[in-house]
Amino acid sequence: MSWEDGIRKVVPYVPGEQPKRTDIIKLNTNECPYPPAPGVQKKAAAFSCDQLRLYPDPDAHVLTQALAEYYGVKESQVFVGVGSDDVLSMAFLTFFNTEKPILFPDITYSFYDVWADLYRIPYKRIPLDDSFRICPEDYMVPNGGIVIANPNAPTGLLLGLSEVEKIIAANPDVVVIVDEAYVDFGGESALPLLEKYENLLVVQTFSKSRAMAGMRIGFAFGNEKLIGYLKDAKFSFNSYTMNRPSLEMGVEAVKDDAYFKETCRKIMETRERVKEEMHSLGFSFPESSANFLFASHEKIPAEELFLALKEAGIYVRYFKKPRIDNHLRITIGTDGEMDTFLQFVKKYINQKG
């Protein structure tokens with residue numbers, strides 16, 4: 001008998017590379033290419049370090065109140081955490097507690113199976129169809145819970161709200177989590193469905209559209225009882241998950257709606273322009289409703305292009321996994337960054353003949 005026999009062993013999630021180099025174009029982790037709202041920057045400059053000696057509000061009231069007002073829900077329907085990863089992890093721990101397998105797509109955010117393994121939750125990956133789309137009918141089987149990312153990652157494909165509702169309505173005896181990390185780039189949120197379904201949890205993040213990945217702020221909406229159970233688990237785990245700077249700067253990000261919408265608009269416009277230019281270079285990809293493209297080239301293998309781009313200081317994401325190992329996930333950067341990316345790709349393709 002070894003001390004290692006009692007260890008909880010898991011294969012951890014592998015995040016996108018965070019290079020130490022500064023002379024690069026970073027298009028590999030779906031971060032926002034623009035700075036946070038001006039109010040966030042002002043709050044950061046004015047923040048008193050003396051506050052850091054005090055614990056933050058465990059209820060995160062200033063942030064949950066701001067989110068409730070902005071999204072038109074009760075504050076008791078809001079849950080916040082250290083990025084949407086923290087929120088989702090806590091939701092897995094809280095809601096998936098039966099012997100039945102939870103369901104999620106075979107191609108999706110690759111943290112889902114990690115959390116399931118960590119918490120010893122049985123799960124089943126449901127294959128996307130040949131066009132990388134979620135089929136609602138595949139989720140109308142006995143299960144212990146459902147998780148879908150919408151728009152999905154890394155494909156960028158959006159499942160229509162009526163199709164999302166089919167999944168929720170068909171599974172009233174389990175919690176259905178809709179992970180909307182990318183919804184602000186052309187998606188339709190499931191938030192209005194909260195009025196009809198008690199078993200729905202909608203999760204979003206400040207990391208993408210609100211340009212605050214470094215502050216780690218995630219949030220979720222659900223009915224009051226659902227959120228109450230989530231808070232019970234959180235306070236049994238760690239009462240002080242949200243730090244003071246994140247709470248205060250998060251509020252400022254929510255306040256500046258005009259800046260938020262303008263940031264999303266710029267990213268979406270750049271995405272549509274880049275799509276056209278990439279099509280002309282021989283790329284194909286699903287119709288993205290996210291801040292990235294999931295692209296494959298008609299002649300050049302994805303891994304080859306990934307390595308060539310990296311050598312040139314342009315980082316994109318490559319997944320060496322079944323069904324998607326000939327695709328690159330390319331975050332939409334600024335117009336200047338995307339022009340540099342396109343110039344390199346065009347030159348590389350021409351050199352290959």
# chains A, B, ... in the order shown; residues from 1 in each chain; ligands from 1
call {"tool": "residues_around", "arguments": {"residues": "Asn326 (chain A)", "least_positions_apart": "3", "cutoff": "9 Å", "atoms": "only C-alpha atoms", "output": "MDAnalysis selection string"}}
result
chainID A and resid 295:297 301:303 318:321 323
call {"tool": "select_by_dssp", "arguments": {"residues": "region 58-250 of chain A", "states": "strand (DSSP E or B)", "output": "ChimeraX atom specification"}}
result
/A:78-81,102-105,123-126,146-149,176-179,200-205,218-221
call {"tool": "closest_atom_pairs", "arguments": {"of": "region 321-345 of chain A", "to": "region 11-26 of chain A", "cutoff": "9 Å", "atoms": "only C-alpha atoms", "output": "CSV"}}
result
residue,atom,partner,partner_atom,distance
A:Thr331,CA,A:Lys26,CA,8.1
A:Gly333,CA,A:Lys26,CA,7.9
A:Glu337,CA,A:Ile25,CA,6.5
A:Met338,CA,A:Ile25,CA,8.9
A:Thr340,CA,A:Ile25,CA,8.6
A:Phe341,CA,A:Ile25,CA,8.2
call {"tool": "select_by_dssp", "arguments": {"residues": "region 109-169 of chain A", "states": "helix (DSSP H, G or I)", "output": "count of residues only"}}
result
20
call {"tool": "closest_atom_pairs", "arguments": {"of": "region 199-266 of chain A", "to": "region 44-55 of chain A", "cutoff": "8 Å", "atoms": "only C-alpha atoms", "output": "tab-separated table"}}
result
residue	atom	partner	partner_atom	distance
A:Tyr240	CA	A:Tyr55	CA	7.2
A:Asn243	CA	A:Tyr55	CA	7.9
A:Arg244	CA	A:Leu52	CA	7.2
A:Pro245	CA	A:Phe47	CA	7.4
A:Met249	CA	A:Ala44	CA	7.0
call {"tool": "closest_atom_pairs", "arguments": {"of": "region 121-203 of chain A", "to": "region 258-263 of chain A", "cutoff": "12 Å", "atoms": "only C-alpha atoms", "output": "tab-separated table"}}
result
residue	atom	partner	partner_atom	distance
A:Asp184	CA	A:Lys261	CA	8.5
A:Phe185	CA	A:Lys261	CA	9.5
A:Gly186	CA	A:Lys261	CA	11.2
call {"tool": "closest_residue", "arguments": {"among": "A:Arg125, A:Lys74, A:Arg133, A:His61", "to": "Leu194 (chain A)", "atoms": "only C-alpha atoms"}}
result
A:Lys74
call {"tool": "residues_around", "arguments": {"residues": "Leu293 (chain A)", "least_positions_apart": "3", "cutoff": "8 Å", "atoms": "only C-alpha atoms", "output": "number ranges by chain"}}
result
A: 155-156, 271, 275, 285-286, 288, 290, 328-332
call {"tool": "residues_around", "arguments": {"residues": "region 347-350 of chain A", "least_positions_apart": "3", "cutoff": "9 Å", "atoms": "only C-alpha atoms", "output": "list in words"}}
result
Leu281, Lys299, Ile300, Leu305, Ala308, Leu342, Gln343, Phe344 and Gly353 of chain A
call {"tool": "write_last_selection", "arguments": {"atoms": "N, CA and C atoms", "output": "tab-separated table (two decimals), in the first residue's frame"}}
result
chain	number	residue	atom	x	y	z
A	281	LEU	N	-8.57	32.96	-49.65
A	281	LEU	CA	-7.26	32.30	-49.55
A	281	LEU	C	-7.39	30.77	-49.46
A	299	LYS	N	-5.54	23.03	-48.61
A	299	LYS	CA	-4.30	22.34	-49.01
A	299	LYS	C	-3.28	22.19	-47.88
A	300	ILE	N	-3.22	23.17	-47.00
A	300	ILE	CA	-2.15	23.17	-45.98
A	300	ILE	C	-2.67	22.59	-44.67
A	305	LEU	N	0.58	24.90	-40.52
A	305	LEU	CA	0.35	26.34	-40.51
A	305	LEU	C	0.47	26.90	-39.09
A	308	ALA	N	4.15	27.30	-38.41
A	308	ALA	CA	4.72	28.39	-39.20
A	308	ALA	C	4.32	29.75	-38.61
A	342	LEU	N	-3.17	37.98	-41.88
A	342	LEU	CA	-3.57	37.67	-43.25
A	342	LEU	C	-2.40	37.81	-44.23
A	343	GLN	N	-1.57	38.82	-44.02
A	343	GLN	CA	-0.40	39.01	-44.89
A	343	GLN	C	0.54	37.81	-44.80
A	344	PHE	N	0.77	37.35	-43.57
A	344	PHE	CA	1.66	36.20	-43.41
A	344	PHE	C	1.07	34.96	-44.07
A	353	GLY	N	2.94	27.33	-53.22
A	353	GLY	CA	2.54	27.08	-54.61
A	353	GLY	C	1.16	26.53	-54.72
call {"tool": "closest_residue", "arguments": {"among": "A:Glu137, A:Glu269, A:Asp179, A:Glu99", "to": "Ile167 (chain A)", "atoms": "only C-alpha atoms"}}
result
A:Glu137
call {"tool": "residues_around", "arguments": {"residues": "Tyr139 (chain A)", "least_positions_apart": "4", "cutoff": "10 Å", "atoms": "only C-alpha atoms", "output": "PDB file with N, CA and C atoms, in the first residue's frame"}}
result
ATOM      1  N   ILE A 102     -24.006  12.786 -17.001  1.00  0.00           N
ATOM      2  CA  ILE A 102     -24.323  14.082 -17.577  1.00  0.00           C
ATOM      3  C   ILE A 102     -23.931  14.050 -19.050  1.00  0.00           C
ATOM      4  N   LEU A 103     -24.534  14.934 -19.836  1.00  0.00           N
ATOM      5  CA  LEU A 103     -24.322  14.949 -21.276  1.00  0.00           C
ATOM      6  C   LEU A 103     -23.731  16.283 -21.717  1.00  0.00           C
ATOM      7  N   PHE A 104     -22.754  16.207 -22.607  1.00  0.00           N
ATOM      8  CA  PHE A 104     -22.244  17.402 -23.289  1.00  0.00           C
ATOM      9  C   PHE A 104     -21.620  16.969 -24.612  1.00  0.00           C
ATOM     10  N   PRO A 105     -21.424  17.891 -25.558  1.00  0.00           N
ATOM     11  CA  PRO A 105     -20.933  17.508 -26.890  1.00  0.00           C
ATOM     12  C   PRO A 105     -19.527  16.917 -26.859  1.00  0.00           C
ATOM     13  N   ILE A 126     -21.751  13.547 -26.378  1.00  0.00           N
ATOM     14  CA  ILE A 126     -22.701  13.373 -27.477  1.00  0.00           C
ATOM     15  C   ILE A 126     -22.085  13.934 -28.760  1.00  0.00           C
ATOM     16  N   ILE A 134     -24.959  20.865 -32.815  1.00  0.00           N
ATOM     17  CA  ILE A 134     -25.637  20.145 -31.744  1.00  0.00           C
ATOM     18  C   ILE A 134     -27.030  19.740 -32.227  1.00  0.00           C
ATOM     19  N   CYS A 135     -27.404  18.486 -32.014  1.00  0.00           N
ATOM     20  CA  CYS A 135     -28.744  18.004 -32.358  1.00  0.00           C
ATOM     21  C   CYS A 135     -29.547  17.862 -31.070  1.00  0.00           C
ATOM     22  N   ASN A 143     -30.624  11.139 -18.272  1.00  0.00           N
ATOM     23  CA  ASN A 143     -29.313  11.712 -17.954  1.00  0.00           C
ATOM     24  C   ASN A 143     -29.340  12.330 -16.568  1.00  0.00           C
ATOM     25  N   GLY A 145     -27.892  15.409 -16.064  1.00  0.00           N
ATOM     26  CA  GLY A 145     -27.674  16.844 -16.261  1.00  0.00           C
ATOM     27  C   GLY A 145     -27.093  17.088 -17.638  1.00  0.00           C
ATOM     28  N   ILE A 146     -27.185  18.338 -18.102  1.00  0.00           N
ATOM     29  CA  ILE A 146     -26.724  18.689 -19.453  1.00  0.00           C
ATOM     30  C   ILE A 146     -25.939  19.994 -19.402  1.00  0.00           C
ATOM     31  N   LYS A 166     -35.831  23.429 -26.558  1.00  0.00           N
ATOM     32  CA  LYS A 166     -36.231  22.024 -26.704  1.00  0.00           C
ATOM     33  C   LYS A 166     -35.469  21.139 -25.718  1.00  0.00           C
ATOM     34  N   ILE A 167     -34.175  21.406 -25.578  1.00  0.00           N
ATOM     35  CA  ILE A 167     -33.345  20.604 -24.674  1.00  0.00           C
ATOM     36  C   ILE A 167     -33.774  20.816 -23.228  1.00  0.00           C
ATOM     37  N   ILE A 168     -34.007  22.072 -22.854  1.00  0.00           N
ATOM     38  CA  ILE A 168     -34.401  22.372 -21.475  1.00  0.00           C
ATOM     39  C   ILE A 168     -35.760  21.770 -21.166  1.00  0.00           C
ATOM     40  N   ALA A 170     -37.260  19.277 -22.483  1.00  0.00           N
ATOM     41  CA  ALA A 170     -37.278  17.816 -22.500  1.00  0.00           C
ATOM     42  C   ALA A 170     -36.597  17.199 -21.282  1.00  0.00           C
ATOM     43  N   ASN A 171     -35.983  18.046 -20.449  1.00  0.00           N
ATOM     44  CA  ASN A 171     -35.222  17.536 -19.306  1.00  0.00           C
ATOM     45  C   ASN A 171     -35.580  18.268 -18.017  1.00  0.00           C
TER      46      ASN A 171
END
call {"tool": "residues_around", "arguments": {"residues": "Asn97 (chain A)", "least_positions_apart": "6", "cutoff": "12 Å", "atoms": "only C-alpha atoms", "output": "VMD selection string"}}
result
chain A and resid 91 116 119 to 123 143 to 145 174 to 175
call {"tool": "closest_residue", "arguments": {"among": "A:Val141, A:Ala68, A:Leu128, A:Ala211", "to": "Lys100 (chain A)", "atoms": "only C-alpha atoms"}}
result
A:Val141
call {"tool": "closest_residue", "arguments": {"among": "A:Lys352, A:Lys255, A:His327, A:Lys346", "to": "Leu67 (chain A)", "atoms": "only C-alpha atoms"}}
result
A:Lys255
call {"tool": "atom_distance", "arguments": {"atom1": "CA of Leu27 (chain A)", "atom2": "CA of Phe294 (chain A)"}}
result
12.0 Å
call {"tool": "closest_atom_pairs", "arguments": {"of": "region 144-197 of chain A", "to": "region 201-207 of chain A", "cutoff": "9 Å", "atoms": "only C-alpha atoms", "output": "CSV"}}
result
residue,atom,partner,partner_atom,distance
A:Val175,CA,A:Leu201,CA,7.2
A:Val176,CA,A:Leu201,CA,6.3
A:Ile177,CA,A:Leu201,CA,4.8
A:Val178,CA,A:Val202,CA,5.0
A:Asp179,CA,A:Val203,CA,4.9
A:Glu180,CA,A:Gln204,CA,5.0
A:Ala181,CA,A:Gln204,CA,4.9
A:Tyr182,CA,A:Gln204,CA,7.9
A:Val183,CA,A:Gln204,CA,8.0
A:Ser189,CA,A:Val202,CA,8.2
A:Ala190,CA,A:Val202,CA,6.8
A:Leu191,CA,A:Val202,CA,6.5
A:Leu194,CA,A:Leu201,CA,8.0
call {"tool": "write_last_selection", "arguments": {"atoms": "N, CA and C atoms", "output": "CSV table (one decimal), in the first residue's frame"}}
result
chain,number,residue,atom,x,y,z
A,175,VAL,N,-30.7,19.6,-14.1
A,175,VAL,CA,-30.3,21.0,-14.4
A,175,VAL,C,-29.6,21.1,-15.7
A,176,VAL,N,-30.0,22.0,-16.5
A,176,VAL,CA,-29.4,22.3,-17.8
A,176,VAL,C,-28.6,23.6,-17.7
A,177,ILE,N,-27.3,23.5,-18.0
A,177,ILE,CA,-26.4,24.6,-18.0
A,177,ILE,C,-26.1,25.1,-19.4
A,178,VAL,N,-26.3,26.4,-19.7
A,178,VAL,CA,-26.0,26.9,-21.0
A,178,VAL,C,-24.8,27.9,-20.7
A,179,ASP,N,-23.7,27.5,-21.2
A,179,ASP,CA,-22.5,28.3,-21.1
A,179,ASP,C,-22.4,29.3,-22.2
A,180,GLU,N,-22.5,30.6,-21.9
A,180,GLU,CA,-22.6,31.6,-22.9
A,180,GLU,C,-21.4,32.6,-22.9
A,181,ALA,N,-20.2,32.0,-22.8
A,181,ALA,CA,-19.0,32.8,-22.8
A,181,ALA,C,-18.9,33.7,-24.0
A,182,TYR,N,-19.5,33.3,-25.1
A,182,TYR,CA,-19.3,34.1,-26.4
A,182,TYR,C,-20.6,34.7,-26.9
A,183,VAL,N,-21.6,34.7,-26.1
A,183,VAL,CA,-22.9,35.1,-26.6
A,183,VAL,C,-23.0,36.6,-27.1
A,189,SER,N,-29.1,35.1,-26.0
A,189,SER,CA,-29.0,34.5,-24.7
A,189,SER,C,-30.3,33.7,-24.3
A,190,ALA,N,-30.0,32.7,-23.5
A,190,ALA,CA,-31.2,31.9,-23.0
A,190,ALA,C,-31.7,32.5,-21.7
A,191,LEU,N,-31.3,33.7,-21.4
A,191,LEU,CA,-31.7,34.4,-20.2
A,191,LEU,C,-33.3,34.6,-20.1
A,194,LEU,N,-35.5,31.9,-18.3
A,194,LEU,CA,-35.5,31.7,-16.9
A,194,LEU,C,-36.9,31.8,-16.3
call {"tool": "decode", "arguments": {"residues": "region 262-298 of chain A", "atoms": "N, CA and C atoms", "output": "PDB file, in the first residue's frame"}}
result
ATOM      1  N   GLU A 262     -19.815  48.858 -28.204  1.00  0.00           N
ATOM      2  CA  GLU A 262     -18.908  49.290 -29.256  1.00  0.00           C
ATOM      3  C   GLU A 262     -17.759  48.300 -29.424  1.00  0.00           C
ATOM      4  N   THR A 263     -17.259  47.771 -28.322  1.00  0.00           N
ATOM      5  CA  THR A 263     -16.202  46.769 -28.389  1.00  0.00           C
ATOM      6  C   THR A 263     -16.680  45.532 -29.138  1.00  0.00           C
ATOM      7  N   CYS A 264     -17.870  45.062 -28.809  1.00  0.00           N
ATOM      8  CA  CYS A 264     -18.428  43.897 -29.499  1.00  0.00           C
ATOM      9  C   CYS A 264     -18.622  44.176 -30.985  1.00  0.00           C
ATOM     10  N   ARG A 265     -19.115  45.374 -31.294  1.00  0.00           N
ATOM     11  CA  ARG A 265     -19.346  45.731 -32.697  1.00  0.00           C
ATOM     12  C   ARG A 265     -18.047  45.703 -33.487  1.00  0.00           C
ATOM     13  N   LYS A 266     -16.983  46.269 -32.947  1.00  0.00           N
ATOM     14  CA  LYS A 266     -15.701  46.299 -33.653  1.00  0.00           C
ATOM     15  C   LYS A 266     -15.184  44.885 -33.908  1.00  0.00           C
ATOM     16  N   ILE A 267     -15.289  44.035 -32.926  1.00  0.00           N
ATOM     17  CA  ILE A 267     -14.804  42.657 -33.078  1.00  0.00           C
ATOM     18  C   ILE A 267     -15.620  41.922 -34.134  1.00  0.00           C
ATOM     19  N   MET A 268     -16.928  42.088 -34.116  1.00  0.00           N
ATOM     20  CA  MET A 268     -17.774  41.408 -35.098  1.00  0.00           C
ATOM     21  C   MET A 268     -17.514  41.920 -36.510  1.00  0.00           C
ATOM     22  N   GLU A 269     -17.309  43.217 -36.669  1.00  0.00           N
ATOM     23  CA  GLU A 269     -17.014  43.762 -37.991  1.00  0.00           C
ATOM     24  C   GLU A 269     -15.685  43.238 -38.520  1.00  0.00           C
ATOM     25  N   THR A 270     -14.687  43.194 -37.653  1.00  0.00           N
ATOM     26  CA  THR A 270     -13.394  42.644 -38.062  1.00  0.00           C
ATOM     27  C   THR A 270     -13.531  41.177 -38.428  1.00  0.00           C
ATOM     28  N   ARG A 271     -14.298  40.428 -37.629  1.00  0.00           N
ATOM     29  CA  ARG A 271     -14.518  39.004 -37.918  1.00  0.00           C
ATOM     30  C   ARG A 271     -15.105  38.805 -39.310  1.00  0.00           C
ATOM     31  N   GLU A 272     -16.112  39.582 -39.668  1.00  0.00           N
ATOM     32  CA  GLU A 272     -16.757  39.407 -40.967  1.00  0.00           C
ATOM     33  C   GLU A 272     -15.809  39.761 -42.111  1.00  0.00           C
ATOM     34  N   ARG A 273     -14.998  40.799 -41.917  1.00  0.00           N
ATOM     35  CA  ARG A 273     -14.024  41.160 -42.959  1.00  0.00           C
ATOM     36  C   ARG A 273     -12.986  40.063 -43.131  1.00  0.00           C
ATOM     37  N   VAL A 274     -12.487  39.548 -42.018  1.00  0.00           N
ATOM     38  CA  VAL A 274     -11.458  38.511 -42.074  1.00  0.00           C
ATOM     39  C   VAL A 274     -12.009  37.233 -42.697  1.00  0.00           C
ATOM     40  N   LYS A 275     -13.260  36.922 -42.422  1.00  0.00           N
ATOM     41  CA  LYS A 275     -13.880  35.740 -43.018  1.00  0.00           C
ATOM     42  C   LYS A 275     -13.817  35.806 -44.548  1.00  0.00           C
ATOM     43  N   GLU A 276     -14.165  36.950 -45.097  1.00  0.00           N
ATOM     44  CA  GLU A 276     -14.165  37.102 -46.551  1.00  0.00           C
ATOM     45  C   GLU A 276     -12.764  36.918 -47.117  1.00  0.00           C
ATOM     46  N   GLU A 277     -11.789  37.532 -46.466  1.00  0.00           N
ATOM     47  CA  GLU A 277     -10.416  37.435 -46.970  1.00  0.00           C
ATOM     48  C   GLU A 277      -9.870  36.020 -46.824  1.00  0.00           C
ATOM     49  N   MET A 278     -10.215  35.342 -45.755  1.00  0.00           N
ATOM     50  CA  MET A 278      -9.743  33.974 -45.572  1.00  0.00           C
ATOM     51  C   MET A 278     -10.396  33.021 -46.562  1.00  0.00           C
ATOM     52  N   HIS A 279     -11.673  33.253 -46.859  1.00  0.00           N
ATOM     53  CA  HIS A 279     -12.337  32.445 -47.884  1.00  0.00           C
ATOM     54  C   HIS A 279     -11.584  32.545 -49.209  1.00  0.00           C
ATOM     55  N   SER A 280     -11.170  33.753 -49.557  1.00  0.00           N
ATOM     56  CA  SER A 280     -10.462  33.955 -50.822  1.00  0.00           C
ATOM     57  C   SER A 280      -9.097  33.277 -50.838  1.00  0.00           C
ATOM     58  N   LEU A 281      -8.569  32.960 -49.650  1.00  0.00           N
ATOM     59  CA  LEU A 281      -7.264  32.298 -49.551  1.00  0.00           C
ATOM     60  C   LEU A 281      -7.394  30.775 -49.459  1.00  0.00           C
ATOM     61  N   GLY A 282      -8.629  30.273 -49.539  1.00  0.00           N
ATOM     62  CA  GLY A 282      -8.814  28.821 -49.534  1.00  0.00           C
ATOM     63  C   GLY A 282      -9.177  28.225 -48.193  1.00  0.00           C
ATOM     64  N   PHE A 283      -9.580  29.058 -47.237  1.00  0.00           N
ATOM     65  CA  PHE A 283     -10.004  28.561 -45.934  1.00  0.00           C
ATOM     66  C   PHE A 283     -11.513  28.316 -45.918  1.00  0.00           C
ATOM     67  N   SER A 284     -11.922  27.398 -45.069  1.00  0.00           N
ATOM     68  CA  SER A 284     -13.346  27.200 -44.789  1.00  0.00           C
ATOM     69  C   SER A 284     -13.517  27.084 -43.289  1.00  0.00           C
ATOM     70  N   PHE A 285     -14.726  27.392 -42.813  1.00  0.00           N
ATOM     71  CA  PHE A 285     -14.994  27.368 -41.370  1.00  0.00           C
ATOM     72  C   PHE A 285     -16.490  27.439 -41.145  1.00  0.00           C
ATOM     73  N   PRO A 286     -16.951  26.941 -39.985  1.00  0.00           N
ATOM     74  CA  PRO A 286     -18.362  27.099 -39.633  1.00  0.00           C
ATOM     75  C   PRO A 286     -18.704  28.579 -39.475  1.00  0.00           C
ATOM     76  N   GLU A 287     -19.980  28.896 -39.526  1.00  0.00           N
ATOM     77  CA  GLU A 287     -20.446  30.273 -39.378  1.00  0.00           C
ATOM     78  C   GLU A 287     -20.300  30.700 -37.921  1.00  0.00           C
ATOM     79  N   SER A 288     -19.316  31.502 -37.623  1.00  0.00           N
ATOM     80  CA  SER A 288     -19.000  31.843 -36.235  1.00  0.00           C
ATOM     81  C   SER A 288     -19.913  32.929 -35.684  1.00  0.00           C
ATOM     82  N   SER A 289     -20.392  32.697 -34.454  1.00  0.00           N
ATOM     83  CA  SER A 289     -21.094  33.729 -33.690  1.00  0.00           C
ATOM     84  C   SER A 289     -20.283  34.068 -32.443  1.00  0.00           C
ATOM     85  N   ALA A 290     -18.975  33.869 -32.536  1.00  0.00           N
ATOM     86  CA  ALA A 290     -18.071  34.105 -31.412  1.00  0.00           C
ATOM     87  C   ALA A 290     -16.982  35.084 -31.832  1.00  0.00           C
ATOM     88  N   ASN A 291     -15.985  35.273 -30.974  1.00  0.00           N
ATOM     89  CA  ASN A 291     -14.892  36.185 -31.306  1.00  0.00           C
ATOM     90  C   ASN A 291     -13.690  35.427 -31.850  1.00  0.00           C
ATOM     91  N   PHE A 292     -13.962  34.378 -32.594  1.00  0.00           N
ATOM     92  CA  PHE A 292     -12.907  33.572 -33.202  1.00  0.00           C
ATOM     93  C   PHE A 292     -13.462  32.861 -34.427  1.00  0.00           C
ATOM     94  N   LEU A 293     -12.556  32.325 -35.244  1.00  0.00           N
ATOM     95  CA  LEU A 293     -12.904  31.496 -36.381  1.00  0.00           C
ATOM     96  C   LEU A 293     -12.263  30.125 -36.201  1.00  0.00           C
ATOM     97  N   PHE A 294     -12.950  29.083 -36.651  1.00  0.00           N
ATOM     98  CA  PHE A 294     -12.461  27.714 -36.539  1.00  0.00           C
ATOM     99  C   PHE A 294     -12.184  27.239 -37.953  1.00  0.00           C
ATOM    100  N   ALA A 295     -10.951  27.435 -38.406  1.00  0.00           N
ATOM    101  CA  ALA A 295     -10.660  27.386 -39.835  1.00  0.00           C
ATOM    102  C   ALA A 295      -9.785  26.202 -40.234  1.00  0.00           C
ATOM    103  N   SER A 296     -10.040  25.718 -41.433  1.00  0.00           N
ATOM    104  CA  SER A 296      -9.162  24.722 -42.052  1.00  0.00           C
ATOM    105  C   SER A 296      -8.864  25.171 -43.479  1.00  0.00           C
ATOM    106  N   HIS A 297      -7.677  24.819 -43.975  1.00  0.00           N
ATOM    107  CA  HIS A 297      -7.290  25.213 -45.328  1.00  0.00           C
ATOM    108  C   HIS A 297      -7.416  24.024 -46.276  1.00  0.00           C
ATOM    109  N   GLU A 298      -7.732  24.339 -47.521  1.00  0.00           N
ATOM    110  CA  GLU A 298      -7.984  23.284 -48.497  1.00  0.00           C
ATOM    111  C   GLU A 298      -6.734  22.484 -48.848  1.00  0.00           C
TER     112      GLU A 298
END
